$ cat data-v9.tsv   # TSV, C-alpha atoms
chain	number	residue	atom	x	y	z
I	1	MET	CA	0.00	0.00	0.00
I	2	TYR	CA	1.08	3.67	-0.02
I	3	VAL	CA	1.57	4.03	3.72
I	4	ALA	CA	2.74	1.37	6.14
I	5	ALA	CA	3.80	0.81	9.73
I	6	LYS	CA	7.48	0.56	10.64
I	7	VAL	CA	9.03	-0.99	13.76
I	8	GLU	CA	11.91	0.71	15.57
I	9	VAL	CA	14.00	-2.27	16.54
I	10	GLU	CA	15.64	-0.55	19.54
I	11	LYS	CA	12.29	0.16	21.19
I	12	CYS	CA	10.29	-3.04	20.46
I	13	THR	CA	10.01	-5.35	23.46
I	14	GLY	CA	7.97	-8.03	21.69
I	15	CYS	CA	4.86	-7.64	23.87
I	16	LYS	CA	2.63	-8.46	20.83
I	17	LEU	CA	-0.05	-5.88	21.72
I	18	CYS	CA	0.17	-4.57	18.14
I	19	ILE	CA	-0.48	-8.04	16.70
I	20	LEU	CA	-3.69	-8.28	18.75
I	21	SER	CA	-4.93	-4.91	17.48
I	22	CYS	CA	-4.14	-5.22	13.76
I	23	PRO	CA	-7.14	-5.79	11.45
I	24	GLU	CA	-4.92	-7.20	8.71
I	25	PRO	CA	-3.99	-10.88	8.85
I	26	ASN	CA	-0.35	-11.97	8.61
I	27	VAL	CA	0.97	-8.38	8.48
I	28	LEU	CA	2.58	-8.15	11.90
I	29	ARG	CA	4.69	-11.18	12.66
I	30	TYR	CA	6.43	-12.19	15.85
I	31	LEU	CA	10.01	-13.32	15.34
I	32	PRO	CA	10.95	-15.79	18.10
I	33	GLU	CA	14.69	-15.49	17.28
I	34	THR	CA	14.88	-11.77	18.07
I	35	LYS	CA	11.73	-11.67	20.28
I	36	GLN	CA	10.51	-8.71	18.27
I	37	VAL	CA	7.79	-7.82	15.79
I	38	ALA	CA	8.26	-7.37	12.04
I	39	VAL	CA	5.87	-5.72	9.52
I	40	ASN	CA	5.01	-6.97	6.06
I	41	GLN	CA	4.89	-3.50	4.49
I	42	GLN	CA	3.47	-4.72	1.19
I	43	ARG	CA	0.26	-5.69	2.92
I	44	CYS	CA	-0.02	-3.07	5.66
I	45	LYS	CA	-2.83	-0.57	5.01
I	46	GLY	CA	-1.33	1.98	7.40
I	47	CYS	CA	-4.41	2.41	9.62
I	48	GLY	CA	-2.25	3.11	12.69
I	49	LEU	CA	-4.16	1.01	15.24
I	50	CYS	CA	-0.87	-0.64	16.22
I	51	VAL	CA	0.68	2.80	16.82
I	52	THR	CA	-2.09	3.76	19.27
I	53	VAL	CA	-1.70	0.58	21.35
I	54	CYS	CA	2.12	0.47	21.47
I	55	SER	CA	3.20	1.59	24.93
I	56	LYS	CA	6.87	1.84	23.90
I	57	ASP	CA	6.30	4.15	20.88
I	58	ALA	CA	8.12	1.59	18.78
I	59	LEU	CA	5.78	1.88	15.79
I	60	THR	CA	5.26	4.69	13.29
I	61	VAL	CA	3.21	5.00	10.12
I	62	SER	CA	4.85	6.65	7.12
I	63	SER	CA	4.67	6.58	3.33
I	64	ILE	CA	6.70	3.91	1.56
F	1	MET	CA	-13.50	-31.47	6.21
F	2	SER	CA	-10.45	-32.70	7.90
F	3	GLU	CA	-6.82	-31.74	8.06
F	4	SER	CA	-5.94	-34.09	5.20
F	5	LEU	CA	-7.98	-31.95	2.80
F	6	PHE	CA	-5.55	-29.08	3.26
F	7	ARG	CA	-2.54	-31.17	2.34
F	8	ILE	CA	-1.14	-30.77	-1.16
F	9	SER	CA	-0.90	-33.82	-3.41
F	10	PRO	CA	2.73	-34.86	-3.92
F	11	GLY	CA	4.28	-33.20	-6.97
F	12	PHE	CA	2.01	-30.14	-6.81
F	13	GLU	CA	3.84	-28.33	-4.01
F	14	GLU	CA	5.63	-25.95	-6.35
F	15	VAL	CA	2.60	-24.81	-8.32
F	16	MET	CA	0.57	-23.93	-5.23
F	17	PRO	CA	0.73	-20.28	-4.05
F	18	VAL	CA	3.24	-19.58	-1.31
F	19	GLU	CA	0.40	-18.53	1.07
F	20	TYR	CA	-1.27	-21.91	0.68
F	21	ARG	CA	1.95	-23.80	1.26
F	22	GLU	CA	2.51	-21.79	4.39
F	23	LEU	CA	-1.03	-22.60	5.56
F	24	VAL	CA	-0.26	-26.32	5.24
F	25	THR	CA	3.13	-26.19	6.95
F	26	ASN	CA	2.48	-23.51	9.56
F	27	GLY	CA	-1.32	-23.27	9.81
F	28	PRO	CA	-3.41	-23.63	12.99
F	29	CYS	CA	-5.16	-26.89	11.95
F	30	GLY	CA	-4.40	-29.85	14.17
F	31	ARG	CA	-2.49	-27.68	16.63
F	32	GLU	CA	-3.43	-26.07	19.91
F	33	VAL	CA	-3.03	-22.40	19.06
F	34	GLY	CA	-5.07	-19.42	20.17
F	35	VAL	CA	-5.25	-15.66	20.10
F	36	SER	CA	-2.09	-15.23	22.19
F	37	ASP	CA	-0.12	-17.16	19.53
F	38	LEU	CA	-1.18	-14.80	16.71
F	39	GLY	CA	1.81	-13.63	14.71
F	40	THR	CA	3.59	-16.96	15.06
F	41	PHE	CA	1.39	-19.08	12.78
F	42	LYS	CA	-0.26	-18.61	9.40
F	43	GLU	CA	-3.74	-17.26	9.98
F	44	LEU	CA	-6.87	-18.72	8.44
F	45	ILE	CA	-7.76	-15.41	6.83
F	46	GLU	CA	-5.71	-13.88	4.00
F	47	GLU	CA	-5.38	-10.31	2.71
F	48	HIS	CA	-8.98	-9.02	2.78
F	49	PRO	CA	-10.58	-6.01	1.06
F	50	LEU	CA	-12.04	-4.41	4.21
F	51	CYS	CA	-11.16	-0.75	4.90
F	52	ALA	CA	-8.01	0.32	6.76
F	53	GLY	CA	-8.64	0.20	10.50
F	54	CYS	CA	-11.78	-1.95	10.16
F	55	ASN	CA	-12.66	-3.33	13.56
F	56	MET	CA	-14.66	-6.06	11.88
F	57	GLY	CA	-11.48	-7.28	10.21
F	58	LEU	CA	-9.84	-7.43	13.60
F	59	ALA	CA	-12.84	-9.23	15.11
F	60	LEU	CA	-12.78	-11.79	12.28
F	61	ARG	CA	-9.07	-12.44	12.80
F	62	LEU	CA	-9.65	-13.01	16.49
F	63	ILE	CA	-12.71	-15.23	15.94
F	64	LEU	CA	-10.85	-17.41	13.43
F	65	ALA	CA	-7.91	-17.75	15.83
F	66	SER	CA	-10.33	-18.74	18.62
F	67	LEU	CA	-12.09	-21.61	16.80
F	68	PRO	CA	-11.55	-24.74	18.92
F	69	LYS	CA	-11.32	-27.04	15.87
F	70	PRO	CA	-11.12	-25.06	12.61
F	71	GLU	CA	-10.77	-28.14	10.39
F	72	ASP	CA	-14.13	-29.44	11.64
F	73	THR	CA	-15.93	-26.10	11.56
F	74	VAL	CA	-18.29	-24.76	8.93
F	75	ILE	CA	-19.01	-21.04	8.91
F	76	VAL	CA	-22.27	-19.72	7.53
F	77	GLY	CA	-22.10	-16.10	6.51
F	78	SER	CA	-24.52	-13.61	5.06
F	79	THR	CA	-24.45	-10.48	2.93
F	80	GLY	CA	-22.58	-7.55	4.41
F	81	CYS	CA	-19.04	-6.31	4.93
F	82	SER	CA	-18.08	-9.61	6.55
F	83	SER	CA	-19.04	-11.54	3.42
F	84	LEU	CA	-16.36	-9.63	1.49
F	85	ALA	CA	-13.73	-11.19	3.73
F	86	PHE	CA	-15.05	-14.77	3.63
F	87	THR	CA	-13.69	-15.43	0.16
F	88	GLN	CA	-10.24	-15.16	1.77
F	89	VAL	CA	-10.98	-17.51	4.66
F	90	ALA	CA	-9.50	-21.02	4.73
F	91	VAL	CA	-12.40	-22.58	6.65
F	92	HIS	CA	-15.38	-24.19	4.91
F	93	ASN	CA	-17.92	-21.46	4.56
F	94	ILE	CA	-21.30	-20.89	2.98
F	95	HIS	CA	-22.65	-17.58	1.80
F	96	SER	CA	-26.40	-17.69	2.32
F	97	LEU	CA	-29.14	-15.41	1.10
F	98	PHE	CA	-29.40	-12.20	3.08
F	99	GLY	CA	-30.94	-13.04	6.45
F	100	ASN	CA	-31.19	-16.76	5.78
F	101	GLN	CA	-28.01	-17.73	7.59
F	102	ASN	CA	-29.49	-19.39	10.69
F	103	ALA	CA	-31.96	-21.44	8.63
F	104	VAL	CA	-29.10	-22.70	6.44
F	105	ALA	CA	-26.97	-23.41	9.51
F	106	SER	CA	-29.81	-25.38	11.19
F	107	GLY	CA	-30.17	-27.68	8.19
F	108	LEU	CA	-26.42	-28.03	7.85
F	109	LYS	CA	-25.96	-28.96	11.50
F	110	ARG	CA	-28.65	-31.64	11.27
F	111	ALA	CA	-27.20	-33.03	8.04
F	112	LEU	CA	-23.69	-33.12	9.51
F	113	ARG	CA	-24.94	-34.97	12.57
F	114	LEU	CA	-26.51	-37.63	10.33
F	115	ARG	CA	-23.52	-37.87	8.02
F	116	PHE	CA	-20.84	-37.89	10.75
F	117	PRO	CA	-22.55	-39.36	13.82
F	118	ASP	CA	-19.25	-40.15	15.54
F	119	LYS	CA	-17.59	-36.78	14.95
F	120	VAL	CA	-18.15	-33.31	16.31
F	121	LYS	CA	-18.77	-30.69	13.65
F	122	ASP	CA	-19.23	-27.10	14.70
F	123	VAL	CA	-21.54	-24.86	12.71
F	124	VAL	CA	-20.89	-21.18	13.37
F	125	VAL	CA	-22.93	-18.34	11.93
F	126	ILE	CA	-20.94	-15.14	11.47
F	127	ALA	CA	-23.09	-12.33	10.12
F	128	GLY	CA	-23.45	-8.59	10.43
F	129	ASP	CA	-26.06	-6.70	12.41
F	130	GLY	CA	-28.29	-6.14	9.37
F	131	ALA	CA	-28.49	-9.85	8.58
F	132	THR	CA	-28.99	-10.84	12.21
F	133	VAL	CA	-31.31	-8.26	13.71
F	134	ASP	CA	-33.18	-6.71	10.78
F	135	ILE	CA	-33.53	-8.95	7.77
F	136	GLY	CA	-32.87	-12.33	9.37
F	137	LEU	CA	-34.37	-11.86	12.83
F	138	ASP	CA	-37.15	-14.31	11.99
F	139	MET	CA	-34.73	-17.10	11.05
F	140	VAL	CA	-32.35	-16.26	13.90
F	141	MET	CA	-35.07	-16.41	16.55
F	142	GLN	CA	-36.75	-19.49	15.11
F	143	SER	CA	-33.42	-21.34	15.25
F	144	TRP	CA	-33.14	-20.41	18.93
F	145	PHE	CA	-36.75	-21.49	19.63
F	146	ARG	CA	-35.99	-24.87	18.03
F	147	ARG	CA	-32.85	-25.12	20.22
F	148	GLU	CA	-30.60	-25.77	17.23
F	149	ARG	CA	-27.06	-26.45	18.40
F	150	ILE	CA	-25.39	-23.67	16.47
F	151	THR	CA	-23.37	-20.62	17.49
F	152	THR	CA	-24.55	-17.26	16.18
F	153	ILE	CA	-21.90	-14.54	16.16
F	154	MET	CA	-23.02	-11.05	15.27
F	155	LEU	CA	-20.45	-8.51	14.09
F	156	ASP	CA	-22.19	-5.39	15.33
F	157	ASN	CA	-20.92	-2.33	13.46
F	158	GLU	CA	-24.21	-0.49	14.09
F	159	VAL	CA	-24.77	0.41	10.42
F	160	TYR	CA	-25.35	-1.02	6.94
F	161	ALA	CA	-21.77	-0.19	6.09
F	162	ASN	CA	-21.15	-1.43	2.56
F	163	THR	CA	-24.29	0.06	1.03
F	164	GLY	CA	-23.48	3.63	2.00
F	165	GLY	CA	-24.52	3.94	5.63
F	166	GLN	CA	-28.20	3.27	6.29
F	167	GLU	CA	-29.36	2.94	9.90
F	168	SER	CA	-29.77	-0.60	11.19
F	169	GLY	CA	-31.69	-1.96	14.15
F	170	MET	CA	-28.45	-1.93	16.11
F	171	SER	CA	-27.63	1.77	15.51
F	172	PRO	CA	-28.03	3.73	18.75
F	173	GLN	CA	-30.85	6.27	18.99
F	174	GLY	CA	-29.99	9.62	17.43
F	175	THR	CA	-27.23	8.27	15.17
F	176	VAL	CA	-26.78	10.46	12.09
F	177	LEU	CA	-25.46	8.59	9.08
F	178	ASN	CA	-24.99	9.26	5.35
F	179	MET	CA	-28.39	7.77	4.56
F	180	ALA	CA	-30.05	8.68	7.88
F	181	PRO	CA	-29.60	12.47	7.99
F	182	LEU	CA	-32.34	13.09	10.57
F	183	GLY	CA	-30.91	10.65	13.08
F	184	LYS	CA	-32.30	7.32	14.16
F	185	ARG	CA	-35.61	7.65	16.00
F	186	PHE	CA	-35.74	4.49	18.10
F	187	PRO	CA	-33.23	2.83	20.41
F	188	LYS	CA	-30.79	-0.01	19.73
F	189	VAL	CA	-32.40	-3.47	19.72
F	190	ALA	CA	-31.58	-5.41	22.88
F	191	LEU	CA	-30.73	-8.66	21.10
F	192	PRO	CA	-28.70	-10.22	23.95
F	193	GLU	CA	-31.79	-10.04	26.17
F	194	ILE	CA	-33.97	-11.40	23.37
F	195	ALA	CA	-31.48	-14.26	22.87
F	196	ARG	CA	-31.61	-15.09	26.54
F	197	GLU	CA	-35.39	-15.20	26.58
F	198	ALA	CA	-35.52	-17.10	23.29
F	199	GLY	CA	-33.60	-20.01	24.79
F	200	CYS	CA	-29.89	-19.42	24.18
F	201	ALA	CA	-27.73	-21.32	26.66
F	202	TYR	CA	-24.87	-18.86	26.43
F	203	VAL	CA	-25.04	-15.16	25.53
F	204	ALA	CA	-22.13	-12.73	25.52
F	205	THR	CA	-21.32	-9.23	24.31
F	206	ILE	CA	-17.70	-8.33	23.75
F	207	SER	CA	-15.45	-6.19	21.56
F	208	PRO	CA	-12.07	-6.77	19.87
F	209	ALA	CA	-10.52	-4.34	22.38
F	210	GLN	CA	-10.29	-7.32	24.77
F	211	PRO	CA	-8.87	-10.07	22.56
F	212	LYS	CA	-8.25	-12.73	25.22
F	213	ARG	CA	-11.72	-12.33	26.65
F	214	LEU	CA	-13.18	-12.48	23.15
F	215	GLU	CA	-11.34	-15.75	22.58
F	216	ARG	CA	-12.67	-17.21	25.81
F	217	MET	CA	-16.24	-16.18	25.00
F	218	VAL	CA	-16.15	-17.50	21.43
F	219	ARG	CA	-14.68	-20.81	22.62
F	220	ARG	CA	-17.23	-21.13	25.41
F	221	ALA	CA	-20.05	-20.36	22.96
F	222	ILE	CA	-18.91	-22.98	20.45
F	223	LEU	CA	-18.29	-25.66	23.10
F	224	THR	CA	-21.67	-24.98	24.73
F	225	ALA	CA	-23.40	-25.21	21.34
F	226	ARG	CA	-21.93	-28.71	20.88
F	227	GLU	CA	-23.71	-30.18	23.88
F	228	VAL	CA	-26.24	-27.84	25.44
F	229	GLY	CA	-28.06	-25.59	23.00
F	230	PRO	CA	-27.94	-22.46	20.85
F	231	THR	CA	-25.47	-19.74	21.78
F	232	TYR	CA	-25.09	-16.10	20.82
F	233	VAL	CA	-22.08	-13.77	20.86
F	234	GLN	CA	-22.38	-10.12	19.91
F	235	ILE	CA	-19.11	-8.41	18.96
F	236	PHE	CA	-19.11	-4.64	18.91
F	237	CYS	CA	-16.85	-3.36	16.12
F	238	PRO	CA	-17.58	0.28	15.20
F	239	CYS	CA	-17.06	1.29	11.56
F	240	PRO	CA	-14.51	4.08	10.96
F	241	THR	CA	-15.74	4.75	7.41
F	242	ASN	CA	-19.41	5.38	8.21
F	243	PHE	CA	-19.02	6.87	11.69
F	244	LYS	CA	-16.34	9.20	10.32
F	245	PHE	CA	-13.51	8.67	12.75
F	246	ARG	CA	-9.86	8.07	11.94
F	247	PRO	CA	-8.88	4.46	11.24
F	248	ASN	CA	-6.49	4.46	14.20
F	249	GLU	CA	-9.19	5.49	16.69
F	250	GLY	CA	-11.30	2.32	16.58
F	251	LEU	CA	-10.18	0.79	19.86
F	252	GLN	CA	-10.36	4.18	21.64
F	253	LYS	CA	-13.96	4.58	20.42
F	254	ILE	CA	-14.87	1.23	21.95
F	255	LYS	CA	-13.31	2.23	25.27
F	256	GLN	CA	-15.07	5.59	25.17
F	257	ARG	CA	-18.44	3.88	24.59
F	258	GLN	CA	-17.66	1.56	27.49
F	259	LYS	CA	-17.01	4.57	29.74
F	260	GLU	CA	-20.25	6.22	28.63
F	261	GLY	CA	-22.08	2.99	29.42
F	262	THR	CA	-23.56	2.62	25.93
F	263	PHE	CA	-21.58	-0.57	25.40
F	264	GLN	CA	-21.07	-3.17	28.10
F	265	VAL	CA	-19.18	-6.43	28.15
F	266	ARG	CA	-21.65	-8.99	29.47
F	267	GLU	CA	-21.96	-12.74	29.75
F	268	TYR	CA	-25.00	-14.88	30.54
F	269	VAL	CA	-24.58	-18.59	31.13
F	270	SER	CA	-27.65	-20.77	31.69
F	271	PRO	CA	-27.50	-23.21	34.64
F	272	GLU	CA	-27.09	-26.23	32.31
F	273	ALA	CA	-24.34	-24.49	30.35
F	274	GLN	CA	-22.69	-23.48	33.61
F	275	ALA	CA	-22.58	-27.09	34.79
F	276	PHE	CA	-21.25	-28.22	31.41
F	277	LEU	CA	-18.55	-25.52	31.25
F	278	ALA	CA	-17.49	-26.07	34.86
F	279	GLU	CA	-16.94	-29.76	34.11
F	280	LEU	CA	-15.09	-29.00	30.87
F	281	GLU	CA	-12.91	-26.21	32.22
F	282	GLY	CA	-12.24	-28.13	35.43
F	283	ALA	CA	-10.98	-31.05	33.35
F	284	ASP	CA	-8.73	-28.64	31.40
F	285	HIS	CA	-7.23	-27.33	34.64
F	286	GLU	CA	-6.39	-30.81	35.85
F	287	LYS	CA	-4.42	-31.62	32.67
$ encode --input "data-v9.tsv" --output "structure tokens"
Amino acid sequence: MYVAAKVEVEKCTGCKLCILSCPEPNVLRYLPETKQVAVNQQRCKGCGLCVTVCSKDALTVSSI
Amino acid sequence: MSESLFRISPGFEEVMPVEYRELVTNGPCGREVGVSDLGTFKELIEEHPLCAGCNMGLALRLILASLPKPEDTVIVGSTGCSSLAFTQVAVHNIHSLFGNQNAVASGLKRALRLRFPDKVKDVVVIAGDGATVDIGLDMVMQSWFRRERITTIMLDNEVYANTGGQESGMSPQGTVLNMAPLGKRFPKVALPEIAREAGCAYVATISPAQPKRLERMVRRAILTAREVGPTYVQIFCPCPTNFKFRPNEGLQKIKQRQKEGTFQVREYVSPEAQAFLAELEGADHEK
């Protein structure tokens, strides 16, 4: 899509709150190796629900 | 309708889309996964055409992750926003005529019980508020009167969203919408109370703002419907497009409505269902 969420790796603690608030399936993925979240930017619609729930301010929505 | 149906015939692995292959290797079928495992397995719903920030999309994701046995579940849907997403769902599903969903589900449940007497097959109706409370209320209530063992899940977005924003029975009083410029003149239908009186063994209202609780309620509803009687879950998912709020404000809107008292999370369990669930959940604890 034209806008998408982005994870700041330094701030993400892997709490998965964003995954439980995202309306899009398989967009936010939890990586067990790094214990962090990754975004599939090709499928993200950039609604920003994940940004509002993230308590660590680790997510931002910007144009891609 | 079993796990083996998902498997790809040998030699065809490479021609199948990568999403399908992932569903076979890393899908939720045959595994004990739930809402808290989301993000680590391939979900049963694929890229859907619902709007950005659609709470219904979120509710559908959570419902599909909560199904106790997705490979033995059949979903009956009806016309509405939710039906746009069902073409991307990897669970057997039927699109019925508008409002006919509970009648179709009743017949299906009976047929499945005859065809597979030794297996448990769950029939779950997932429809919008228009199909459940306005157009299909007759079929919905008759299925409850007949004590059909099906689960009815209503995705309550309080509006006819994909036809431009007409008021529905579930819109609160005074709601002004694109196609209801004077505001709705009568209050929201109290369907949970109607369900209770009509004979549902388990009734719950919930929103996707509490995902773990939603999972518990959906699971309880489906398990109760297997043994006790009809169940009803109402999921409040306000529509950002028709209620004109930003896509990122959906969950805040739900919390605001909860504070105002116009939306409440509630659960009613009949005495028989209570005994059944206590036995079932007690056995789970002992494991």
$ interface_residues --input "data-v9.tsv" --of "chain I" --to "chain F" --cutoff "9 Å" --atoms "all atoms listed in the file" --output "JSON, numbers by chain"
{"I": [16, 19, 20, 21, 22, 23, 24, 25, 26, 27, 28, 29, 30, 31, 32, 37, 43, 44, 45, 46, 47, 48, 49, 50, 51, 52, 53]}
$ closest_atom_pairs --input "data-v9.tsv" --of "region 173-245 of chain F" --to "region 146-154 of chain F" --cutoff "8 Å" --atoms "all atoms listed in the file" --output "Markdown table"
| residue | atom | partner | partner_atom | distance |
| --- | --- | --- | --- | --- |
| F:Gly199 | CA | F:Arg147 | CA | 6.9 |
| F:Cys200 | CA | F:Arg147 | CA | 7.5 |
| F:Ala221 | CA | F:Thr151 | CA | 6.4 |
| F:Ile222 | CA | F:Thr151 | CA | 5.9 |
| F:Ala225 | CA | F:Arg149 | CA | 4.9 |
| F:Arg226 | CA | F:Arg149 | CA | 6.1 |
| F:Glu227 | CA | F:Arg149 | CA | 7.4 |
| F:Val228 | CA | F:Arg149 | CA | 7.2 |
| F:Gly229 | CA | F:Arg149 | CA | 4.8 |
| F:Pro230 | CA | F:Arg149 | CA | 4.8 |
| F:Thr231 | CA | F:Thr151 | CA | 4.9 |
| F:Tyr232 | CA | F:Thr152 | CA | 4.8 |
| F:Val233 | CA | F:Ile153 | CA | 4.8 |
| F:Gln234 | CA | F:Met154 | CA | 4.8 |
| F:Ile235 | CA | F:Met154 | CA | 6.0 |
$ atom_distance --input "data-v9.tsv" --atom1 "CA of Arg196 (chain F)" --atom2 "CA of Ser270 (chain F)"
8.6 Å
$ atom_distance --input "data-v9.tsv" --atom1 "CA of Arg213 (chain F)" --atom2 "CA of Val125 (chain F)"
19.5 Å
$ residues_around --input "data-v9.tsv" --residues "Asp122 (chain F)" --least-positions-apart "2" --cutoff "10 Å" --atoms "all atoms listed in the file" --output "list in words"
Leu67, Pro68, Lys69, Pro70, Glu71, Asp72, Thr73, Val74, Ile75, Leu108, Lys109, Leu112, Arg113, Lys119, Val120, Val124, Val125, Arg149, Ile150, Thr151, Ile222, Leu223, Ala225 and Arg226 of chain F
$ axis_aligned_box --input "data-v9.tsv" --around "region 156-169 of chain F" --padding-each-side "5 Å" --output "lines of an AutoDock Vina configuration file"
center_x = -26.3
center_y = -0.7
center_z = 8.2
size_x = 20.8
size_y = 19.3
size_z = 24.3
$ closest_residue --input "data-v9.tsv" --among "F:Cys237, F:Leu23, F:Leu177, F:Leu280" --to "Leu155 (chain F)" --atoms "only C-alpha atoms"
F:Cys237
$ closest_residue --input "data-v9.tsv" --among "F:Leu64, F:Met141, F:Ala111, F:Leu84" --to "Ala161 (chain F)" --atoms "all atoms listed in the file"
F:Leu84
$ residues_near_point --input "data-v9.tsv" --point "(17.9, -4.1, 25.5)" --cutoff "12 Å" --atoms "all atoms listed in the file" --output "ChimeraX atom specification"
/I:9-14,34-36
$ decode --input "data-v9.tsv" --residues "region 2-64 of chain I" --atoms "C-alpha atoms" --output "PDB file, in the first residue's frame"
ATOM      1  CA  TYR I   2       1.076   3.667  -0.019  1.00  0.00           C
ATOM      2  CA  VAL I   3       1.573   4.033   3.721  1.00  0.00           C
ATOM      3  CA  ALA I   4       2.741   1.368   6.141  1.00  0.00           C
ATOM      4  CA  ALA I   5       3.803   0.808   9.726  1.00  0.00           C
ATOM      5  CA  LYS I   6       7.475   0.564  10.645  1.00  0.00           C
ATOM      6  CA  VAL I   7       9.027  -0.986  13.759  1.00  0.00           C
ATOM      7  CA  GLU I   8      11.907   0.708  15.569  1.00  0.00           C
ATOM      8  CA  VAL I   9      13.995  -2.273  16.542  1.00  0.00           C
ATOM      9  CA  GLU I  10      15.637  -0.549  19.539  1.00  0.00           C
ATOM     10  CA  LYS I  11      12.286   0.163  21.187  1.00  0.00           C
ATOM     11  CA  CYS I  12      10.290  -3.041  20.465  1.00  0.00           C
ATOM     12  CA  THR I  13      10.013  -5.353  23.463  1.00  0.00           C
ATOM     13  CA  GLY I  14       7.968  -8.026  21.692  1.00  0.00           C
ATOM     14  CA  CYS I  15       4.856  -7.639  23.875  1.00  0.00           C
ATOM     15  CA  LYS I  16       2.633  -8.463  20.831  1.00  0.00           C
ATOM     16  CA  LEU I  17      -0.046  -5.882  21.719  1.00  0.00           C
ATOM     17  CA  CYS I  18       0.167  -4.569  18.144  1.00  0.00           C
ATOM     18  CA  ILE I  19      -0.484  -8.037  16.700  1.00  0.00           C
ATOM     19  CA  LEU I  20      -3.688  -8.276  18.752  1.00  0.00           C
ATOM     20  CA  SER I  21      -4.929  -4.906  17.477  1.00  0.00           C
ATOM     21  CA  CYS I  22      -4.135  -5.215  13.761  1.00  0.00           C
ATOM     22  CA  PRO I  23      -7.141  -5.789  11.455  1.00  0.00           C
ATOM     23  CA  GLU I  24      -4.920  -7.199   8.706  1.00  0.00           C
ATOM     24  CA  PRO I  25      -3.990 -10.878   8.848  1.00  0.00           C
ATOM     25  CA  ASN I  26      -0.346 -11.969   8.611  1.00  0.00           C
ATOM     26  CA  VAL I  27       0.965  -8.378   8.480  1.00  0.00           C
ATOM     27  CA  LEU I  28       2.583  -8.148  11.904  1.00  0.00           C
ATOM     28  CA  ARG I  29       4.687 -11.182  12.662  1.00  0.00           C
ATOM     29  CA  TYR I  30       6.434 -12.190  15.849  1.00  0.00           C
ATOM     30  CA  LEU I  31      10.008 -13.323  15.340  1.00  0.00           C
ATOM     31  CA  PRO I  32      10.947 -15.790  18.101  1.00  0.00           C
ATOM     32  CA  GLU I  33      14.688 -15.487  17.282  1.00  0.00           C
ATOM     33  CA  THR I  34      14.883 -11.774  18.075  1.00  0.00           C
ATOM     34  CA  LYS I  35      11.733 -11.669  20.283  1.00  0.00           C
ATOM     35  CA  GLN I  36      10.514  -8.712  18.270  1.00  0.00           C
ATOM     36  CA  VAL I  37       7.788  -7.819  15.788  1.00  0.00           C
ATOM     37  CA  ALA I  38       8.256  -7.367  12.039  1.00  0.00           C
ATOM     38  CA  VAL I  39       5.871  -5.721   9.520  1.00  0.00           C
ATOM     39  CA  ASN I  40       5.013  -6.972   6.055  1.00  0.00           C
ATOM     40  CA  GLN I  41       4.893  -3.496   4.486  1.00  0.00           C
ATOM     41  CA  GLN I  42       3.474  -4.717   1.191  1.00  0.00           C
ATOM     42  CA  ARG I  43       0.256  -5.687   2.924  1.00  0.00           C
ATOM     43  CA  CYS I  44      -0.017  -3.069   5.659  1.00  0.00           C
ATOM     44  CA  LYS I  45      -2.833  -0.565   5.009  1.00  0.00           C
ATOM     45  CA  GLY I  46      -1.335   1.975   7.397  1.00  0.00           C
ATOM     46  CA  CYS I  47      -4.410   2.407   9.622  1.00  0.00           C
ATOM     47  CA  GLY I  48      -2.246   3.109  12.686  1.00  0.00           C
ATOM     48  CA  LEU I  49      -4.156   1.010  15.237  1.00  0.00           C
ATOM     49  CA  CYS I  50      -0.866  -0.638  16.219  1.00  0.00           C
ATOM     50  CA  VAL I  51       0.678   2.796  16.823  1.00  0.00           C
ATOM     51  CA  THR I  52      -2.094   3.757  19.269  1.00  0.00           C
ATOM     52  CA  VAL I  53      -1.702   0.577  21.347  1.00  0.00           C
ATOM     53  CA  CYS I  54       2.116   0.465  21.472  1.00  0.00           C
ATOM     54  CA  SER I  55       3.204   1.587  24.927  1.00  0.00           C
ATOM     55  CA  LYS I  56       6.874   1.843  23.904  1.00  0.00           C
ATOM     56  CA  ASP I  57       6.303   4.146  20.879  1.00  0.00           C
ATOM     57  CA  ALA I  58       8.118   1.585  18.777  1.00  0.00           C
ATOM     58  CA  LEU I  59       5.776   1.876  15.789  1.00  0.00           C
ATOM     59  CA  THR I  60       5.259   4.692  13.286  1.00  0.00           C
ATOM     60  CA  VAL I  61       3.211   5.002  10.119  1.00  0.00           C
ATOM     61  CA  SER I  62       4.849   6.654   7.124  1.00  0.00           C
ATOM     62  CA  SER I  63       4.668   6.576   3.332  1.00  0.00           C
ATOM     63  CA  ILE I  64       6.704   3.912   1.562  1.00  0.00           C
TER      64      ILE I  64
END
